[in-house]
Amino acid sequence: MDELMDYQDVVDNFDPVLGIEVHVELGTATKMFDAAPNAFGGEPNTYTTPVSLGMPGALPVVNKKAIEYAIRLGLALNCNIAESCRFARKNYFYPDLCKNFQTSQSDEPLAFDGYLDVELDDGEVFRVNIERAHVEEDAGKNTHVGGEGRIHGASHSLVDYNRAGVPLVEIVTRPIEGCGERAPEVAAKYVQTIRDIARAIGVSEARMERGNVRADINVSLRKTPESPLGTRTETKNVNSFRAIERAVQYEMRRQAAVLSEGGLVLQETRHWQEADSTTLSGRVKSDADDYRYFPEPDLVPLKPSRAWVEEIRESLPELPAAKRRRLMAEWSVSDLEMRDMVNLGVLDLISDSVEAGATPAGARKWWMGELARYAKDNDVELDSVPVTAADVAELDQLVESGKLTDKLARQALEGVLAGEGSPVDVVKARGLEVVSDDGALMAAVDEALAANPDVVEKIRNGKVQAAGAIVGAVMRATGGKADAARVREIIMERAQG
């Protein structure tokens, strides 16, 4: 295992600089340059055409919807949109690249000179400057058979070209300086912010577990902020926020140990190892010249009209940061409460529930309480639990109207989660609705008072808190379905009458 320096010693003695390349798969119906389906999964090598397989004589055609999505993303990242840009061939040889080159963009990207303001957990905002957001196609997927699933020790590899040709936007930052000890957090939050934006503007499902969003993390160290940039490493295809944070921290500690011993950091690609939270050396990192970029001869330059760009800009929905600020005011929640919702990944679920008719407080209570516990206990994402925003709104309305107590509402929610129907259906089937009929409540109260004459005497002597015992007895007698407030009123009327 690599030697590591204590993290605090790293930040005391070195200045970290980051560079992040985020790949966002666009959610178009077809691929970037052909009519093959753009879909996840499927039998290997079935979502292909001669173009995506790189067959001789097959010519590419640009997917207009992919360009529209790329412009939407570029605008959301505060980028300029080029009046003219073109595709290029990026040449390298790897089994998952069946043409032996990738159709990408080089010195003429579609979007450039942007920035993204990243909000950290304590509310501090860190600006990341974006050099470019260019369009390209994805490669296929290698599966290494034998060993531990990695190329080292594998007996052979299989290639699935279903992903080959899927449209991507690669977002490349300028050097990210000045984040110091918060570099790991800045990296993770930056990628998370891009993920949230891609979802909000509808250009990608942005599911990291499916590879819709992947990040290559460049890290280098220098002695002081005034020193020249150090030699960087690039950890490839890190696909979770926690892994991004850990990968940055690991590389900072590893590189610091190398430099403190007088060694040199090798410019290379590295691979994240989730099992032990380390990175492993991959290959010496190529510079742009090694890819022998040249203009793609089979595609004409792109010239998106200014009118089209402005039309796309006008169609952009509210972005996540603006939405958070608006909802904080509308819901009267604190900055800390809003960050809790964001960090738990429930803000959109709560917002959808409020739009469906729930109170903000009620929606927060159910999503951040019972439903969050259900998701954790069943090891599923919150947005995958079998409850809709409409269900939460209906449940909250039943509580607000007094038809359910919180306890009964939890039982109703259990039924919804079990597939018994909507909250109203479950309440009806299980007979959960609060008993509010005065006749039934009076009978139950009279029975409880008759069984507890000492409590009646205490109430008459001014010890009104003794009524709690009678309320408890009535609640037990009604299976928890009595309207407790009305029960207490009846008790006081009967005991003092």
# chains A, B, ... in the order shown; residues from 1 in each chain; ligands from 1
$ select_by_dssp --residues "region 250-469 of chain A" --states "helix (DSSP H, G or I)" --output "PyMOL selection string"
chain A and resi 250-260+288-291+306-315+320-331+335-344+347-355+360-368+370-377+382-384+389-400+406-417+423-430+438-451+453-460+464-469
$ select_by_dssp --residues "region 200-319 of chain A" --states "strand (DSSP E)" --output "ChimeraX atom specification"
/A:213-222,233-238,268-273,278-284,294-295
$ residues_around --residues "region 4-14 of chain A" --least-positions-apart "3" --cutoff "8 Å" --atoms "only C-alpha atoms" --output "list in words"
Gly180, Glu181, Leu221, Arg222, Lys223, Thr224, Gln249, Tyr250, Met252, Arg253, Arg254, Gln255, Ala256 and Ala257 of chain A
$ write_last_selection --atoms "N, CA and C atoms" --output "mmCIF file, in the first residue's frame"
data_model
loop_
_atom_site.group_PDB
_atom_site.id
_atom_site.type_symbol
_atom_site.label_atom_id
_atom_site.label_comp_id
_atom_site.auth_asym_id
_atom_site.auth_seq_id
_atom_site.Cartn_x
_atom_site.Cartn_y
_atom_site.Cartn_z
ATOM 1 N N GLY A 180 -7.951 24.722 -0.266
ATOM 2 C CA GLY A 180 -7.236 24.259 0.919
ATOM 3 C C GLY A 180 -7.741 22.944 1.458
ATOM 4 N N GLU A 181 -7.966 22.911 2.775
ATOM 5 C CA GLU A 181 -8.359 21.663 3.417
ATOM 6 C C GLU A 181 -9.748 21.193 2.986
ATOM 7 N N LEU A 221 -0.283 18.954 -5.912
ATOM 8 C CA LEU A 221 0.107 19.709 -4.728
ATOM 9 C C LEU A 221 1.263 20.646 -5.071
ATOM 10 N N ARG A 222 1.292 21.779 -4.402
ATOM 11 C CA ARG A 222 2.433 22.693 -4.494
ATOM 12 C C ARG A 222 2.708 23.237 -3.094
ATOM 13 N N LYS A 223 3.886 23.803 -2.901
ATOM 14 C CA LYS A 223 4.249 24.219 -1.547
ATOM 15 C C LYS A 223 3.395 25.379 -1.048
ATOM 16 N N THR A 224 3.171 26.371 -1.902
ATOM 17 C CA THR A 224 2.376 27.543 -1.508
ATOM 18 C C THR A 224 1.484 27.950 -2.674
ATOM 19 N N GLN A 249 -8.896 13.130 -1.075
ATOM 20 C CA GLN A 249 -8.136 13.073 0.170
ATOM 21 C C GLN A 249 -6.992 12.064 0.076
ATOM 22 N N TYR A 250 -7.264 10.901 -0.513
ATOM 23 C CA TYR A 250 -6.224 9.881 -0.631
ATOM 24 C C TYR A 250 -5.068 10.387 -1.489
ATOM 25 N N MET A 252 -4.180 13.462 -2.136
ATOM 26 C CA MET A 252 -3.443 14.504 -1.416
ATOM 27 C C MET A 252 -2.468 13.876 -0.423
ATOM 28 N N ARG A 253 -2.917 12.893 0.318
ATOM 29 C CA ARG A 253 -2.055 12.262 1.322
ATOM 30 C C ARG A 253 -0.935 11.458 0.671
ATOM 31 N N ARG A 254 -1.249 10.774 -0.431
ATOM 32 C CA ARG A 254 -0.232 9.968 -1.115
ATOM 33 C C ARG A 254 0.839 10.857 -1.748
ATOM 34 N N GLN A 255 0.389 11.884 -2.481
ATOM 35 C CA GLN A 255 1.349 12.763 -3.141
ATOM 36 C C GLN A 255 2.213 13.512 -2.128
ATOM 37 N N ALA A 256 1.615 13.932 -1.021
ATOM 38 C CA ALA A 256 2.381 14.637 0.008
ATOM 39 C C ALA A 256 3.476 13.744 0.581
ATOM 40 N N ALA A 257 3.160 12.469 0.774
ATOM 41 C CA ALA A 257 4.173 11.536 1.280
ATOM 42 C C ALA A 257 5.316 11.384 0.291
#
$ closest_residue --among "A:Thr49, A:Asp340, A:Arg246, A:Ser353" --to "Gln273 (chain A)" --atoms "only C-alpha atoms"
A:Arg246
$ residues_around --residues "Leu264 (chain A)" --least-positions-apart "6" --cutoff "10 Å" --atoms "only C-alpha atoms" --output "list in words"
Gly230, Thr231, Gln255 and Val258 of chain A
$ closest_atom_pairs --of "region 288-339 of chain A" --to "region 361-385 of chain A" --cutoff "10 Å" --atoms "only C-alpha atoms" --output "CSV"
residue,atom,partner,partner_atom,distance
A:Trp331,CA,A:Ala361,CA,8.1
A:Ser332,CA,A:Ala361,CA,9.7
A:Val333,CA,A:Ala361,CA,9.3
A:Glu337,CA,A:Arg364,CA,9.9
$ residues_around --residues "Glu355 (chain A)" --least-positions-apart "3" --cutoff "12 Å" --atoms "only C-alpha atoms" --output "number ranges by chain"
A: 327, 348-352, 358-360, 363, 389-390, 392-394
$ write_last_selection --atoms "all heavy atoms" --output "CSV table (one decimal), in the first residue's frame"
chain,number,residue,atom,x,y,z
A,327,LEU,N,-37.9,28.5,-2.0
A,327,LEU,CA,-38.6,27.6,-1.1
A,327,LEU,C,-38.3,27.9,0.4
A,327,LEU,O,-39.2,27.8,1.2
A,327,LEU,CB,-38.3,26.1,-1.4
A,327,LEU,CG,-38.8,25.6,-2.7
A,327,LEU,CD1,-38.4,24.2,-2.9
A,327,LEU,CD2,-40.3,25.8,-2.8
A,348,ASP,N,-36.7,17.7,-3.7
A,348,ASP,CA,-37.6,17.6,-4.8
A,348,ASP,C,-38.9,16.8,-4.4
A,348,ASP,O,-40.0,17.1,-4.8
A,348,ASP,CB,-37.0,17.0,-6.0
A,348,ASP,CG,-36.0,18.0,-6.7
A,348,ASP,OD1,-36.1,19.2,-6.5
A,348,ASP,OD2,-35.1,17.5,-7.5
A,349,LEU,N,-38.6,15.8,-3.6
A,349,LEU,CA,-39.8,14.9,-3.2
A,349,LEU,C,-40.7,15.8,-2.3
A,349,LEU,O,-41.9,15.7,-2.4
A,349,LEU,CB,-39.2,13.7,-2.4
A,349,LEU,CG,-38.4,12.7,-3.2
A,349,LEU,CD1,-37.7,11.7,-2.3
A,349,LEU,CD2,-39.3,12.0,-4.3
A,350,ILE,N,-40.1,16.6,-1.4
A,350,ILE,CA,-40.9,17.4,-0.5
A,350,ILE,C,-41.7,18.5,-1.3
A,350,ILE,O,-42.9,18.7,-1.2
A,350,ILE,CB,-40.1,18.1,0.6
A,350,ILE,CG1,-39.5,17.0,1.5
A,350,ILE,CG2,-40.8,19.1,1.3
A,350,ILE,CD1,-38.5,17.5,2.5
A,351,SER,N,-40.9,19.1,-2.3
A,351,SER,CA,-41.6,20.1,-3.1
A,351,SER,C,-42.7,19.5,-3.9
A,351,SER,O,-43.8,20.1,-4.0
A,351,SER,CB,-40.5,20.7,-4.0
A,351,SER,OG,-41.1,21.6,-4.9
A,352,ASP,N,-42.5,18.3,-4.5
A,352,ASP,CA,-43.6,17.7,-5.3
A,352,ASP,C,-44.8,17.4,-4.4
A,352,ASP,O,-46.0,17.5,-4.8
A,352,ASP,CB,-43.1,16.4,-5.9
A,352,ASP,CG,-42.1,16.7,-7.0
A,352,ASP,OD1,-42.0,17.8,-7.5
A,352,ASP,OD2,-41.4,15.7,-7.4
A,358,ALA,N,-49.8,18.9,0.2
A,358,ALA,CA,-49.3,18.7,1.5
A,358,ALA,C,-48.8,20.0,2.1
A,358,ALA,O,-48.5,21.0,1.4
A,358,ALA,CB,-48.1,17.7,1.6
A,359,THR,N,-48.9,20.2,3.4
A,359,THR,CA,-48.2,21.3,4.0
A,359,THR,C,-46.7,21.1,4.0
A,359,THR,O,-46.2,20.0,4.0
A,359,THR,CB,-48.7,21.5,5.5
A,359,THR,OG1,-48.2,20.3,6.2
A,359,THR,CG2,-50.2,21.6,5.6
A,360,PRO,N,-45.9,22.2,3.9
A,360,PRO,CA,-44.5,22.0,3.9
A,360,PRO,C,-44.0,21.2,5.1
A,360,PRO,O,-43.1,20.4,5.0
A,360,PRO,CB,-43.9,23.4,3.9
A,360,PRO,CG,-45.0,24.2,3.2
A,360,PRO,CD,-46.3,23.6,3.7
A,363,ALA,N,-45.0,17.5,4.7
A,363,ALA,CA,-44.2,16.8,3.7
A,363,ALA,C,-42.8,16.5,4.3
A,363,ALA,O,-42.2,15.4,4.1
A,363,ALA,CB,-44.1,17.6,2.5
A,389,ALA,N,-45.6,11.4,-4.3
A,389,ALA,CA,-45.9,12.7,-3.7
A,389,ALA,C,-47.4,12.9,-3.4
A,389,ALA,O,-47.8,13.4,-2.3
A,389,ALA,CB,-45.4,13.8,-4.6
A,390,ALA,N,-48.2,12.4,-4.3
A,390,ALA,CA,-49.7,12.5,-4.0
A,390,ALA,C,-50.1,11.7,-2.8
A,390,ALA,O,-51.0,12.1,-2.1
A,390,ALA,CB,-50.4,11.9,-5.3
A,392,VAL,N,-48.2,11.1,-0.1
A,392,VAL,CA,-47.8,11.9,1.1
A,392,VAL,C,-48.8,13.1,1.3
A,392,VAL,O,-49.1,13.4,2.4
A,392,VAL,CB,-46.4,12.4,0.9
A,392,VAL,CG1,-46.0,13.4,2.0
A,392,VAL,CG2,-45.4,11.2,0.9
A,393,ALA,N,-49.2,13.8,0.2
A,393,ALA,CA,-50.1,14.9,0.3
A,393,ALA,C,-51.5,14.4,0.9
A,393,ALA,O,-52.0,15.0,1.8
A,393,ALA,CB,-50.3,15.5,-1.0
A,394,GLU,N,-51.9,13.2,0.4
A,394,GLU,CA,-53.2,12.7,0.9
A,394,GLU,C,-53.1,12.3,2.4
A,394,GLU,O,-54.0,12.6,3.2
A,394,GLU,CB,-53.6,11.5,0.1
A,394,GLU,CG,-55.0,11.0,0.3
A,394,GLU,CD,-55.3,9.9,-0.7
A,394,GLU,OE1,-55.7,10.2,-1.9
A,394,GLU,OE2,-55.2,8.7,-0.4
$ closest_residue --among "A:Ile171, A:Cys98, A:Val135, A:Leu319" --to "Cys79 (chain A)" --atoms "only C-alpha atoms"
A:Ile171
$ closest_residue --among "A:Cys179, A:Pro95, A:His23, A:Asp391" --to "Leu417 (chain A)" --atoms "only C-alpha atoms"
A:Asp391
$ closest_residue --among "A:Ala36, A:Ala200, A:Met338, A:Val159" --to "Tyr94 (chain A)" --atoms "only C-alpha atoms"
A:Val159
$ residues_around --residues "Gln192 (chain A)" --least-positions-apart "3" --cutoff "10 Å" --atoms "only C-alpha atoms" --output "PyMOL selection string"
chain A and resi 118+186-189+195-198+206+208+213+240-241
$ residues_around --residues "Ile130 (chain A)" --least-positions-apart "5" --cutoff "9 Å" --atoms "only C-alpha atoms" --output "ChimeraX atom specification"
/A:77-79,112-116,171-175
$ closest_residue --among "A:Leu413, A:Leu398, A:Ala183, A:Ala133" --to "Ala70 (chain A)" --atoms "only C-alpha atoms"
A:Ala133
